[in-house]
Number of protein chains: 2
Amino acid sequence: MKVAVFGTGMVGDAIGSKLIDLGHTVMMGSRTRDNEKAKNFVAKNGEKAKNGTFSEAAEFGDIIFNCTAGVASLEALRSGEEKNLAGKIIVDISNPLDFSKGMPPSLAVVNTNSLGEEIQKTFPQSKVVKTLNTMWCGIMVNPAMINGGDHNVFVCGNDTSAKEEVTNILTSFGWKDKNILDLGDITKARGTEMYLPLWLSIYGATSNGAFNIKLVS
Amino acid sequence: MKVAVFGTGMVGDAIGSKLIDLGHTVMMGSRTRDNEKAKNFVAKNGEKAKNGTFSEAAEFGDIIFNCTAGVASLEALRSGEEKNLAGKIIVDISNPLDFSKGMPPSLAVVNTNSLGEEIQKTFPQSKVVKTLNTMWCGIMVNPAMINGGDHNVFVCGNDTSAKEEVTNILTSFGWKDKNILDLGDITKARGTEMYLPLWLSIYGATSNGAFNIKLVS
């Protein structure tokens, strides 16, 4: 599969490298073609790794992973151009964390709206699936690193077949079917984004970001 | 111990009944002295159960459990009167769920503030400890009903000794020490309150409210 990864930070690197490990071809997109981190990603990952502008990556990819910082996501996706994104799945992993007023961050979109919804509204011809945004990126692509892989990831989005396709990718990352919970339509992104302040508090209290939640009943 | 329970709903009934089972004396407070649910609580729980106004209950209690609906909590506590609450622990179990615009509820206080903080600011002479607000009330008082009691509850508040006292009460409810996580000061109530939309989404997706989260790392 040809995949576009938007964002050159830790999350984009983790997702892009994992997808290449799994045999996919990945173009990492950023604002400029000579982004240093994107060039390092290519150097590290060999011939299946490419880099380009957001627009070039969006055109290249059959599917787009949004791994940009949440407050920059809409601008990045607009740079990807609607014509390149139309009809495609956008896997939104971002969180609208606003660090501009110091720590702890607040959420730039919250309560009666979410970044996932904003992306879906901005790109109505794309199929936005929100997932993986409730944990550290190391766990996203290697769930087995904690608790034998037995913990939960959420998906939500308006398009059922898009959610199935993303669920298959999650399975290829090592997520067990029983631990992938479909919360419903894209409005459910509110809940997974609003979980972030609790995530940050737990991280602060335990000094360990390599954790996740397991639903028990 | 003499305990005031504010609120006559399911949460107040569950907390009050459990405290009586544990040998405490409980006065359930409500707006009026002849509240039917409070009278039923007394009839069901025998001589260790009392009922009264918010003010009478606050005066009676050595400690106050706020189990009112979040959007009504400040008014209820004001009716309890500052002079009756001063120097005492207020265990805040409420969530600021606003159902006035339909389902799903939004949060009336959110993001850069929380109901726990508002209560602490309104009653600076009291010691607010936020806890138990992240689960269904049946689990609050009987954690062993799921997963052998192995799942998490959070506490936060500005006063360390107040958190210790509340932790002891949680232990008496059946919570294991290792599963009681102190998140820090009362600003951490933001995270536990903002978890509610995710809680509601999980409940909606699974049709089961008798669940909780277990931190795994």
# chains A, B, ... in the order shown; residues from 1 in each chain; ligands from 1

$ closest_atom_pairs --of "chain B" --to "chain A" --cutoff "8 Å" --atoms "only C-alpha atoms" --output "JSON lines"
{"residue": "B:Ser106", "atom": "CA", "partner": "A:Asn111", "partner_atom": "CA", "distance": 5.9}
{"residue": "B:Leu107", "atom": "CA", "partner": "A:Asn111", "partner_atom": "CA", "distance": 6.5}
{"residue": "B:Val110", "atom": "CA", "partner": "A:Asn111", "partner_atom": "CA", "distance": 7.5}
{"residue": "B:Asn111", "atom": "CA", "partner": "A:Ser106", "partner_atom": "CA", "distance": 5.9}
{"residue": "B:Thr112", "atom": "CA", "partner": "A:Ser106", "partner_atom": "CA", "distance": 6.3}
{"residue": "B:Ile146", "atom": "CA", "partner": "A:Ser217", "partner_atom": "CA", "distance": 5.2}
{"residue": "B:Asn147", "atom": "CA", "partner": "A:Val216", "partner_atom": "CA", "distance": 6.2}
{"residue": "B:His151", "atom": "CA", "partner": "A:Val216", "partner_atom": "CA", "distance": 7.3}
{"residue": "B:Leu181", "atom": "CA", "partner": "A:Ala205", "partner_atom": "CA", "distance": 7.8}
{"residue": "B:Asp182", "atom": "CA", "partner": "A:Ala205", "partner_atom": "CA", "distance": 7.0}
{"residue": "B:Leu183", "atom": "CA", "partner": "A:Ala205", "partner_atom": "CA", "distance": 5.4}
{"residue": "B:Gly184", "atom": "CA", "partner": "A:Ala205", "partner_atom": "CA", "distance": 7.1}
{"residue": "B:Lys188", "atom": "CA", "partner": "A:Ser201", "partner_atom": "CA", "distance": 6.6}
{"residue": "B:Arg190", "atom": "CA", "partner": "A:Pro197", "partner_atom": "CA", "distance": 7.0}
{"residue": "B:Gly191", "atom": "CA", "partner": "A:Leu198", "partner_atom": "CA", "distance": 3.9}
{"residue": "B:Thr192", "atom": "CA", "partner": "A:Leu198", "partner_atom": "CA", "distance": 5.9}
{"residue": "B:Met194", "atom": "CA", "partner": "A:Met194", "partner_atom": "CA", "distance": 5.5}
{"residue": "B:Tyr195", "atom": "CA", "partner": "A:Tyr195", "partner_atom": "CA", "distance": 5.0}
{"residue": "B:Leu196", "atom": "CA", "partner": "A:Gly191", "partner_atom": "CA", "distance": 7.4}
{"residue": "B:Pro197", "atom": "CA", "partner": "A:Gly191", "partner_atom": "CA", "distance": 4.5}
{"residue": "B:Leu198", "atom": "CA", "partner": "A:Gly191", "partner_atom": "CA", "distance": 3.9}
{"residue": "B:Trp199", "atom": "CA", "partner": "A:Gly191", "partner_atom": "CA", "distance": 7.6}
{"residue": "B:Ser201", "atom": "CA", "partner": "A:Leu183", "partner_atom": "CA", "distance": 6.0}
{"residue": "B:Ile202", "atom": "CA", "partner": "A:Leu183", "partner_atom": "CA", "distance": 6.4}
{"residue": "B:Gly204", "atom": "CA", "partner": "A:Leu183", "partner_atom": "CA", "distance": 7.6}
{"residue": "B:Ala205", "atom": "CA", "partner": "A:Leu183", "partner_atom": "CA", "distance": 5.4}
{"residue": "B:Ala210", "atom": "CA", "partner": "A:Ser217", "partner_atom": "CA", "distance": 5.9}
{"residue": "B:Phe211", "atom": "CA", "partner": "A:Ser217", "partner_atom": "CA", "distance": 4.2}
{"residue": "B:Asn212", "atom": "CA", "partner": "A:Val216", "partner_atom": "CA", "distance": 5.5}
{"residue": "B:Ile213", "atom": "CA", "partner": "A:Leu215", "partner_atom": "CA", "distance": 4.7}
{"residue": "B:Lys214", "atom": "CA", "partner": "A:Lys214", "partner_atom": "CA", "distance": 5.1}
{"residue": "B:Leu215", "atom": "CA", "partner": "A:Ile213", "partner_atom": "CA", "distance": 4.7}
{"residue": "B:Val216", "atom": "CA", "partner": "A:Phe211", "partner_atom": "CA", "distance": 5.5}
{"residue": "B:Ser217", "atom": "CA", "partner": "A:Phe211", "partner_atom": "CA", "distance": 4.2}

$ select_by_dssp --residues "stretch 29-208 of chain B" --states "helix (DSSP H, G or I)" --output "VMD selection string"
chain B and resid 36 to 48 54 to 60 70 to 80 82 to 85 115 to 122 137 to 140 143 to 145 147 to 149 160 to 173 177 to 179 186 to 194 196 to 206

$ closest_residue --among "A:Glu82, A:Glu75, A:Asp92, A:Glu165" --to "A:Val11" --atoms "only C-alpha atoms"
A:Asp92

$ atom_distance --atom1 "atom CA of B:Ile89" --atom2 "atom CA of B:Ala162"
6.4 Å

$ closest_residue --among "A:Gly116, A:Gly52, A:Gly102, A:Gly157" --to "A:Asp34" --atoms "only C-alpha atoms"
A:Gly52

$ select_by_dssp --residues "chain B" --states "strand (DSSP E)" --output "VMD selection string"
chain B and resid 2 to 6 25 to 30 49 to 53 63 to 66 89 to 92 97 to 98 106 to 107 127 to 131 153 to 157 180 to 184 212 to 216

$ write_last_selection --atoms "C-alpha atoms" --output "short mmCIF file (atom, residue, chain, number, x, y, z; two decimals), in the first residue's frame"
data_model
loop_
_atom_site.label_atom_id
_atom_site.label_comp_id
_atom_site.auth_asym_id
_atom_site.auth_seq_id
_atom_site.Cartn_x
_atom_site.Cartn_y
_atom_site.Cartn_z
CA LYS B 2 -20.60 11.12 61.10
CA VAL B 3 -20.98 11.63 57.36
CA ALA B 4 -23.10 14.03 55.33
CA VAL B 5 -24.16 12.80 51.90
CA PHE B 6 -25.43 15.55 49.62
CA THR B 25 -23.78 7.30 60.72
CA VAL B 26 -25.05 9.11 57.63
CA MET B 27 -27.30 12.10 57.18
CA MET B 28 -28.56 12.47 53.64
CA GLY B 29 -29.01 16.12 52.79
CA SER B 30 -31.42 17.58 50.28
CA ALA B 49 -29.46 6.77 58.64
CA LYS B 50 -30.85 10.26 59.01
CA ASN B 51 -32.09 12.90 56.66
CA GLY B 52 -32.23 16.66 56.74
CA THR B 53 -31.63 19.84 54.81
CA ILE B 63 -16.99 14.90 56.30
CA ILE B 64 -19.25 15.71 53.32
CA PHE B 65 -19.74 13.59 50.19
CA ASN B 66 -21.01 15.67 47.29
CA ILE B 89 -13.27 17.47 53.83
CA ILE B 90 -15.64 17.68 50.87
CA VAL B 91 -15.37 14.48 48.83
CA ASP B 92 -16.49 15.57 45.38
CA LEU B 97 -22.68 17.10 32.94
CA ASP B 98 -25.02 19.53 31.20
CA SER B 106 -21.55 18.53 27.37
CA LEU B 107 -19.49 19.69 30.34
CA LYS B 127 -10.53 20.55 51.77
CA VAL B 128 -11.90 19.30 48.48
CA VAL B 129 -10.87 15.82 47.35
CA LYS B 130 -12.10 14.73 43.94
CA THR B 131 -12.50 10.99 43.51
CA VAL B 153 -9.59 5.03 40.97
CA PHE B 154 -8.08 8.52 41.02
CA VAL B 155 -7.83 11.07 43.82
CA CYS B 156 -6.76 14.69 43.64
CA GLY B 157 -6.86 17.66 45.95
CA ILE B 180 -5.62 4.29 44.08
CA LEU B 181 -3.64 6.86 42.11
CA ASP B 182 -3.01 10.34 43.53
CA LEU B 183 -2.92 12.66 40.51
CA GLY B 184 -1.88 15.76 42.43
CA ASN B 212 -13.82 0.64 34.60
CA ILE B 213 -10.30 1.28 33.35
CA LYS B 214 -7.18 -0.46 34.55
CA LEU B 215 -3.84 1.19 33.91
CA VAL B 216 -1.34 -1.20 32.38
#
